[in-house]
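Raw contents of entry_1.txt, compact mmCIF, C-alpha atoms:
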```txt
# COMPACT_ATOMS: atom_id res chain seq x y z
CA MET A 14 -85.36 58.91 -56.47
CA ALA A 15 -82.89 58.61 -59.31
CA ARG A 16 -81.52 55.29 -60.39
CA THR A 17 -77.91 55.12 -59.29
CA ARG A 18 -74.86 52.91 -59.61
CA VAL A 19 -72.87 51.67 -56.65
CA ARG A 20 -69.28 52.62 -57.22
CA ILE A 21 -66.62 49.93 -56.99
CA THR A 22 -64.68 52.18 -54.66
CA SER A 23 -67.62 52.21 -52.25
CA LEU A 24 -67.63 48.45 -52.06
CA LEU A 25 -63.87 48.32 -51.60
CA ALA A 26 -64.09 50.87 -48.81
CA LEU A 27 -66.84 48.84 -47.21
CA SER A 28 -64.78 45.67 -47.31
CA ALA A 29 -61.82 47.43 -45.76
CA ALA A 30 -64.04 48.92 -43.09
CA LEU A 31 -65.43 45.51 -42.28
CA VAL A 32 -61.95 44.19 -41.55
CA LEU A 33 -61.27 47.08 -39.17
CA VAL A 34 -64.57 46.78 -37.32
CA THR A 35 -64.45 43.02 -36.91
CA GLY A 36 -60.82 43.28 -35.82
CA CYS A 37 -61.53 45.88 -33.15
CA GLY A 38 -64.94 44.74 -31.99
CA SER A 39 -65.88 42.27 -29.26
CA ASP A 40 -68.85 40.15 -28.27
CA SER A 41 -69.81 42.72 -25.67
CA ASP A 42 -69.91 45.41 -28.36
CA SER A 43 -72.41 43.56 -30.53
CA SER A 44 -74.53 42.28 -27.63
CA SER A 45 -74.93 45.75 -26.14
CA ARG A 46 -77.27 46.90 -28.90
CA SER A 47 -80.43 47.86 -27.08
CA GLY A 48 -83.00 50.63 -27.01
CA THR A 49 -81.90 51.34 -23.43
CA GLU A 50 -78.74 52.89 -24.88
CA GLY A 51 -80.82 55.71 -26.32
CA LYS A 52 -82.02 58.76 -24.42
CA GLU A 53 -84.56 57.80 -21.79
CA GLY A 54 -84.77 54.29 -23.20
CA LYS A 55 -85.77 55.45 -26.67
CA PRO A 56 -84.40 53.60 -29.70
CA VAL A 57 -80.95 54.14 -31.13
CA VAL A 58 -81.45 55.07 -34.78
CA VAL A 59 -78.81 55.21 -37.51
CA VAL A 60 -79.81 56.97 -40.73
CA THR A 61 -77.99 57.29 -44.01
CA THR A 62 -78.69 61.02 -44.50
CA THR A 63 -80.18 64.04 -42.73
CA TRP A 64 -83.38 63.50 -44.71
CA GLU A 65 -84.10 60.15 -43.05
CA GLY A 66 -82.77 61.69 -39.84
CA ALA A 67 -85.39 64.44 -39.94
CA PHE A 68 -88.15 61.88 -40.44
CA ALA A 69 -86.80 59.88 -37.49
CA LYS A 70 -86.57 62.95 -35.26
CA ALA A 71 -90.09 64.05 -36.16
CA ALA A 72 -91.29 60.55 -35.26
CA GLY A 73 -89.76 60.81 -31.79
CA ALA A 74 -86.24 59.39 -32.08
CA GLU A 75 -83.72 61.31 -29.98
CA ASP A 76 -80.57 59.25 -30.41
CA VAL A 77 -79.96 59.64 -34.15
CA LYS A 78 -76.65 59.04 -35.92
CA VAL A 79 -76.30 60.33 -39.50
CA ILE A 80 -73.85 58.43 -41.71
CA VAL A 81 -73.55 60.57 -44.85
CA PRO A 82 -72.27 64.11 -44.20
CA GLN A 83 -74.55 66.93 -45.32
CA SER A 84 -71.80 68.14 -47.66
CA VAL A 85 -72.31 65.02 -49.81
CA HIS A 86 -75.22 65.93 -52.07
CA HIS A 87 -75.43 62.54 -53.76
CA ALA A 88 -75.68 59.96 -51.00
CA PRO A 89 -74.89 56.83 -53.10
CA ASP A 90 -71.45 58.28 -53.83
CA TYR A 91 -70.47 58.15 -50.16
CA ASP A 92 -67.80 55.68 -49.04
CA PRO A 93 -68.72 54.15 -45.64
CA LYS A 94 -66.10 54.44 -42.89
CA PRO A 95 -65.30 52.01 -40.05
CA SER A 96 -67.00 54.41 -37.60
CA ASP A 97 -70.19 54.14 -39.65
CA LEU A 98 -70.20 50.38 -39.25
CA ALA A 99 -69.50 50.71 -35.54
CA ALA A 100 -72.56 52.96 -35.17
CA VAL A 101 -74.75 50.54 -37.11
CA ALA A 102 -73.61 47.66 -34.88
CA LYS A 103 -75.17 49.38 -31.86
CA ALA A 104 -78.38 50.55 -33.53
CA ASP A 105 -81.93 49.41 -33.01
CA PHE A 106 -83.03 50.72 -36.40
CA VAL A 107 -81.20 51.63 -39.60
CA LEU A 108 -83.14 53.94 -41.91
CA TYR A 109 -82.29 54.17 -45.60
CA ALA A 110 -83.81 55.07 -48.96
CA PRO A 111 -84.14 52.71 -51.95
CA PHE A 112 -81.65 54.76 -53.98
CA GLU A 113 -78.95 54.15 -51.34
CA PRO A 114 -78.03 50.57 -52.31
CA TYR A 115 -75.18 50.18 -49.84
CA ALA A 116 -77.42 50.39 -46.73
CA GLY A 117 -78.03 46.64 -46.58
CA LYS A 118 -74.31 45.99 -47.06
CA ILE A 119 -73.50 48.30 -44.16
CA LYS A 120 -75.81 46.39 -41.85
CA GLU A 121 -74.51 43.02 -43.03
CA ALA A 122 -70.89 44.06 -42.70
CA ALA A 123 -71.37 45.41 -39.21
CA GLY A 124 -73.08 42.23 -38.03
CA SER A 125 -75.90 44.34 -36.66
CA LYS A 126 -79.22 42.98 -35.43
CA ALA A 127 -80.81 46.32 -36.17
CA GLU A 128 -84.07 46.45 -38.07
CA LEU A 129 -83.45 47.81 -41.56
CA VAL A 130 -86.25 50.23 -42.46
CA GLU A 131 -86.79 51.58 -45.96
CA VAL A 132 -88.05 55.17 -45.92
CA SER A 133 -89.92 56.85 -48.75
CA LEU A 134 -88.15 60.18 -49.07
CA ASP A 135 -90.71 62.62 -50.43
CA ASN A 136 -91.52 65.98 -48.87
CA ASP A 137 -95.11 65.85 -50.07
CA ALA A 138 -97.06 66.80 -46.95
CA ASP A 139 -99.35 63.76 -46.98
CA LYS A 140 -96.48 61.34 -47.55
CA VAL A 141 -94.37 62.92 -44.82
CA SER A 142 -97.21 62.66 -42.32
CA ALA A 143 -97.76 59.01 -43.21
CA GLU A 144 -94.07 58.11 -42.89
CA VAL A 145 -93.63 59.96 -39.59
CA ALA A 146 -96.69 58.21 -38.16
CA ARG A 147 -95.37 54.83 -39.35
CA LEU A 148 -91.97 55.42 -37.80
CA GLY A 149 -93.52 56.66 -34.58
CA LYS A 150 -95.42 53.40 -34.26
CA LEU A 151 -92.27 51.45 -35.04
CA PHE A 152 -90.25 53.36 -32.43
CA GLY A 153 -93.01 53.29 -29.82
CA THR A 154 -93.16 57.10 -29.87
CA GLU A 155 -96.61 57.61 -31.43
CA ASP A 156 -97.42 60.49 -29.06
CA VAL A 157 -94.36 62.48 -30.16
CA ALA A 158 -95.11 61.82 -33.83
CA ALA A 159 -98.71 62.98 -33.35
CA LYS A 160 -97.59 66.22 -31.67
CA TRP A 161 -95.12 66.86 -34.48
CA LYS A 162 -97.87 66.39 -37.06
CA THR A 163 -100.01 69.01 -35.33
CA THR A 164 -97.14 71.50 -35.48
CA PHE A 165 -96.32 70.55 -39.07
CA ASP A 166 -99.90 70.86 -40.29
CA ALA A 167 -100.22 74.35 -38.79
CA GLU A 168 -96.92 75.52 -40.27
CA TYR A 169 -97.68 74.02 -43.68
CA ALA A 170 -101.12 75.67 -43.79
CA LYS A 171 -99.61 79.03 -42.86
CA LEU A 172 -96.92 78.82 -45.55
CA SER A 173 -99.37 77.65 -48.18
CA LYS A 174 -101.81 80.47 -47.40
CA ASP A 175 -99.01 83.03 -47.58
CA LEU A 176 -97.83 81.71 -50.95
CA LYS A 177 -101.31 81.72 -52.44
CA ALA A 178 -101.70 85.33 -51.34
CA ALA A 179 -98.54 86.07 -53.34
CA TRP A 180 -99.81 84.63 -56.63
CA PRO A 181 -99.07 87.12 -59.44
CA GLY A 182 -102.35 88.79 -60.36
CA GLY A 183 -104.13 86.49 -57.92
CA LYS A 184 -103.77 83.54 -60.32
CA SER A 185 -102.05 80.22 -59.69
CA PRO A 186 -98.72 80.29 -61.57
CA ALA A 187 -97.94 77.62 -64.16
CA VAL A 188 -94.84 75.66 -63.24
CA VAL A 189 -92.59 72.94 -64.59
CA THR A 190 -91.03 70.91 -61.80
CA GLN A 191 -88.35 68.30 -61.36
CA VAL A 192 -90.09 65.10 -60.25
CA PHE A 193 -88.63 65.28 -56.73
CA THR A 194 -89.57 68.91 -56.10
CA ALA A 195 -93.24 68.56 -57.03
CA TRP A 196 -94.10 68.87 -53.33
CA SER A 197 -93.06 72.53 -53.40
CA ALA A 198 -95.44 73.24 -56.29
CA LYS A 199 -98.21 71.70 -54.21
CA LEU A 200 -97.21 73.84 -51.23
CA ALA A 201 -97.58 76.97 -53.36
CA GLY A 202 -100.84 75.85 -54.91
CA ALA A 203 -99.14 76.23 -58.29
CA THR A 204 -100.44 74.61 -61.46
CA THR A 205 -97.99 71.96 -62.64
CA VAL A 206 -97.99 71.90 -66.44
CA GLY A 207 -95.06 69.52 -66.83
CA THR A 208 -92.36 67.55 -65.04
CA TYR A 209 -88.82 66.48 -65.91
CA GLY A 210 -85.97 64.40 -64.54
CA PRO A 211 -84.23 62.83 -62.91
CA GLU A 212 -82.45 62.44 -66.26
CA PRO A 213 -81.34 65.58 -68.15
CA VAL A 214 -83.97 67.24 -70.30
CA THR A 215 -83.86 66.03 -73.91
CA PRO A 216 -84.33 68.40 -76.87
CA ALA A 217 -87.81 66.96 -77.43
CA GLN A 218 -88.76 67.51 -73.78
CA LEU A 219 -87.32 70.99 -73.91
CA ALA A 220 -89.52 71.89 -76.85
CA ASP A 221 -92.61 70.36 -75.26
CA LEU A 222 -92.11 72.01 -71.85
CA SER A 223 -91.34 75.39 -73.39
CA LYS A 224 -94.61 75.30 -75.33
CA LYS A 225 -96.48 75.18 -72.02
CA LYS A 226 -95.10 78.61 -71.14
CA PRO A 227 -94.43 78.08 -67.42
CA ALA A 228 -93.78 81.08 -65.22
CA LEU A 229 -91.49 79.05 -62.94
CA VAL A 230 -89.18 76.05 -63.18
CA LEU A 231 -88.63 74.22 -59.89
CA ASP A 232 -85.15 72.73 -59.82
CA ASN A 233 -83.84 70.04 -57.46
CA ALA A 234 -80.75 71.54 -55.80
CA HIS A 235 -79.32 68.07 -55.20
CA MET A 236 -79.71 66.85 -58.78
CA SER A 237 -79.51 70.05 -60.78
CA THR A 238 -78.84 69.81 -64.49
CA GLY A 239 -78.31 73.54 -64.88
CA THR A 240 -80.77 75.89 -66.56
CA VAL A 241 -83.69 73.71 -67.61
CA LEU A 242 -85.58 75.97 -70.01
CA PRO A 243 -83.13 78.55 -71.34
CA ASP A 244 -84.63 81.44 -73.31
CA SER A 245 -88.15 80.52 -72.16
CA GLY A 246 -88.50 83.47 -69.81
CA ALA A 247 -89.35 81.15 -66.91
CA LYS A 248 -87.70 81.86 -63.56
CA GLN A 249 -85.82 78.89 -62.16
CA VAL A 250 -86.22 78.25 -58.44
CA LYS A 251 -83.75 76.08 -56.54
CA VAL A 252 -85.52 73.77 -54.07
CA VAL A 253 -83.56 72.00 -51.32
CA ASN A 254 -84.94 68.66 -50.12
CA TYR A 255 -82.43 67.75 -47.41
CA PRO A 256 -82.72 69.21 -43.89
CA GLY A 257 -79.72 70.63 -42.04
CA GLU A 258 -77.63 69.05 -39.33
CA ASP A 259 -80.30 69.93 -36.75
CA LEU A 260 -82.54 67.36 -38.48
CA ASP A 261 -85.45 69.79 -38.48
CA LEU A 262 -87.76 69.24 -41.44
CA LEU A 263 -89.79 72.45 -41.08
CA PRO A 264 -87.05 74.81 -42.36
CA VAL A 265 -87.08 72.87 -45.63
CA TYR A 266 -90.64 74.08 -46.20
CA ARG A 267 -89.94 77.59 -44.93
CA ASN A 268 -86.93 77.98 -47.20
CA ALA A 269 -88.80 76.64 -50.23
CA ALA A 270 -91.68 78.99 -49.51
CA ALA A 271 -89.31 81.95 -49.24
CA GLU A 272 -87.70 81.12 -52.60
CA LEU A 273 -91.05 80.64 -54.29
CA LYS A 274 -92.47 83.85 -52.90
CA LYS A 275 -89.39 85.74 -54.04
CA ALA A 276 -89.72 84.32 -57.55
CA MET A 277 -93.43 85.11 -57.76
CA SER A 278 -92.90 88.67 -56.57
CA GLY A 279 -90.43 89.26 -59.38
CA SER A 280 -87.59 90.24 -57.06
```
Translate this structure into structure tokens?
Amino acid sequence: MARTRVRITSLLALSAALVLVTGCGSDSDSSSRSGTEGKEGKPVVVVTTTWEGAFAKAAGAEDVKVIVPQSVHHAPDYDPKPSDLAAVAKADFVLYAPFEPYAGKIKEAAGSKAELVEVSLDNDADKVSAEVARLGKLFGTEDVAAKWKTTFDAEYAKLSKDLKAAWPGGKSPAVVTQVFTAWSAKLAGATTVGTYGPEPVTPAQLADLSKKKPALVLDNAHMSTGTVLPDSGAKQVKVVNYPGEDLDLLPVYRNAAAELKKAMSGS
């Protein structure tokens, strides 16, 4: 996702947290990290956000600890706490995204032997299926991941069919989408005529995108820059990428579909 800067305060908080964890921990704490700690012997997984958590849950992980609270929309701005490091110290796997640069520092500071796994966070259906299958193999839960994919494929097909039936005049709507919400355009079968972001739209981009006369603008709720194409007549649709605290990925698609259908219906 977007290029980000690690705040000095984050690093200071991490250093302070390290002192607390190492001061309170013991050899038995660090040596107890094992998949047997998880439910029914399944791996203990620590994830930076609910997005990685949803991927892990879909892949079959049952013991999942989320570090960054859902209320924090921009994960790299989060300051790790001592309890976060304590959770990492007992994990089998730590899942993170490339734009969360403190993940490696968390693992190092906690002295964890967990496997650090980079996850490609993209809700494109094909990419999600590939990542869930990869994680399922990594966790040893391939059967759960395969069952989830069957459910996901059926739900995705249903939502996509419903959205296509809602096309205004029976024609695929032209859309401009933020680069990290392109998956929702694909879900709707919309025709993408331009993309923007993650940086704010420049005057030149604004002029170019407006000329393409999109019916909809798909905005990333977590990186919104406000109204993208003012005075263009295009309806702006807010798309949420992150799942809720239940770590269920399917509502992300259902909610996006509902917003898109509402926008296409003119209501």
*Rounded to one decimal place, report the atom CA of A:Val57-atom CA of A:Leu134 distance in Å.*
20.3 Å
_Distance query A:Ser197 at most 12 Å, all atoms listed in the file, self and fewer than 2 positions along chain excluded, as number ranges by chain_ = A: 135-138, 169, 172-173, 176, 188-195, 199-205, 229-233, 250-254, 265-274
Near A:Trp64, counting only C-alpha atoms, which residues have an atom at most 9 Å away, once you skip same-chain residues fewer than 6 positions from it, shown as a CSV table (one decimal) with C-alpha atoms, in the coordinates of the input?
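Now in selection_8.csv:
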```csv
chain,number,residue,atom,x,y,z
A,134,LEU,CA,-88.2,60.2,-49.1
A,254,ASN,CA,-84.9,68.7,-50.1
A,255,TYR,CA,-82.4,67.8,-47.4
A,256,PRO,CA,-82.7,69.2,-43.9
A,257,GLY,CA,-79.7,70.6,-42.0
A,260,LEU,CA,-82.5,67.4,-38.5
A,262,LEU,CA,-87.8,69.2,-41.4
```
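Contact shell of A:Gly149 at 10 Å (only C-alpha atoms; same-chain neighbours under 2 positions omitted): Phe68, Ala69, Lys70, Ala71, Ala72, Gly73, Ala74, Ala143, Glu144, Val145, Ala146, Arg147, Leu151, Phe152, Gly153, Thr154, Glu155, Asp156, Val157, Ala158 and Ala159 of chain A.
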*Suppose you want the space between atom CA of A:Ala217 and atom CA of A:His235; what is it in Å?*
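Atom-to-atom, atom CA of A:Ala217 and atom CA of A:His235 are spaced 23.8 Å apart.
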*Measure the distance from atom CA of A:Thr240 to atom CA of A:Ser133 in Å and round it to one decimal.*
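These two atoms are separated by 27.6 Å.
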*asked:* I need the residue nearest A:Asp105 from this list: A:Pro213, A:Val85, A:Ala127, A:Lys118. Use all atoms listed in the file for the distance.
replied: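 When distances to A:Asp105 are compared using all atoms listed in the file, the smallest one comes from A:Ala127.
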Six-sided padding of 6 Å per side, axis-aligned box over stretch 208-211 of chain A, centre and edges in Å, one decimal, as lines of an AutoDock Vina configuration file:
```
center_x = -88.3
center_y = 65.2
center_z = -64.4
size_x = 20.1
size_y = 16.7
size_z = 15.0
```
*Selected residue of minimal separation from A:Lys171 among A:Leu222, A:Val77, A:Leu263, A:Leu242, counting only C-alpha atoms*: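 So, comparing all the options, the nearest one is A:Leu263.
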_Around the point (-77.6, 60.1, -45.7) (coordinates from the file), which residues reach within 6 Å if we count all atoms listed in the file? Answer as a VMD selection string._
chain A and resid 61 to 63 80 to 81 88
*Could you give me, as a PyMOL selection string, the residues that have an atom at most 12 Å away from the point (-95.1, 88.2, -59.0) in the coordinates of the file, using only C-alpha atoms?*
chain A and resi 176-186+228-229+248+273-280
Output C-alpha atoms of each residue in that selection to a file, as a PDB file, keeping the file's coordinate frame.
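Below you can see again_9.pdb, which holds the result:
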```pdb
ATOM      1  CA  LEU A 176     -97.830  81.710 -50.950  1.00  0.00           C
ATOM      2  CA  LYS A 177    -101.310  81.720 -52.440  1.00  0.00           C
ATOM      3  CA  ALA A 178    -101.700  85.330 -51.340  1.00  0.00           C
ATOM      4  CA  ALA A 179     -98.540  86.070 -53.340  1.00  0.00           C
ATOM      5  CA  TRP A 180     -99.810  84.630 -56.630  1.00  0.00           C
ATOM      6  CA  PRO A 181     -99.070  87.120 -59.440  1.00  0.00           C
ATOM      7  CA  GLY A 182    -102.350  88.790 -60.360  1.00  0.00           C
ATOM      8  CA  GLY A 183    -104.130  86.490 -57.920  1.00  0.00           C
ATOM      9  CA  LYS A 184    -103.770  83.540 -60.320  1.00  0.00           C
ATOM     10  CA  SER A 185    -102.050  80.220 -59.690  1.00  0.00           C
ATOM     11  CA  PRO A 186     -98.720  80.290 -61.570  1.00  0.00           C
ATOM     12  CA  ALA A 228     -93.780  81.080 -65.220  1.00  0.00           C
ATOM     13  CA  LEU A 229     -91.490  79.050 -62.940  1.00  0.00           C
ATOM     14  CA  LYS A 248     -87.700  81.860 -63.560  1.00  0.00           C
ATOM     15  CA  LEU A 273     -91.050  80.640 -54.290  1.00  0.00           C
ATOM     16  CA  LYS A 274     -92.470  83.850 -52.900  1.00  0.00           C
ATOM     17  CA  LYS A 275     -89.390  85.740 -54.040  1.00  0.00           C
ATOM     18  CA  ALA A 276     -89.720  84.320 -57.550  1.00  0.00           C
ATOM     19  CA  MET A 277     -93.430  85.110 -57.760  1.00  0.00           C
ATOM     20  CA  SER A 278     -92.900  88.670 -56.570  1.00  0.00           C
ATOM     21  CA  GLY A 279     -90.430  89.260 -59.380  1.00  0.00           C
ATOM     22  CA  SER A 280     -87.590  90.240 -57.060  1.00  0.00           C
TER      23      SER A 280
END
```
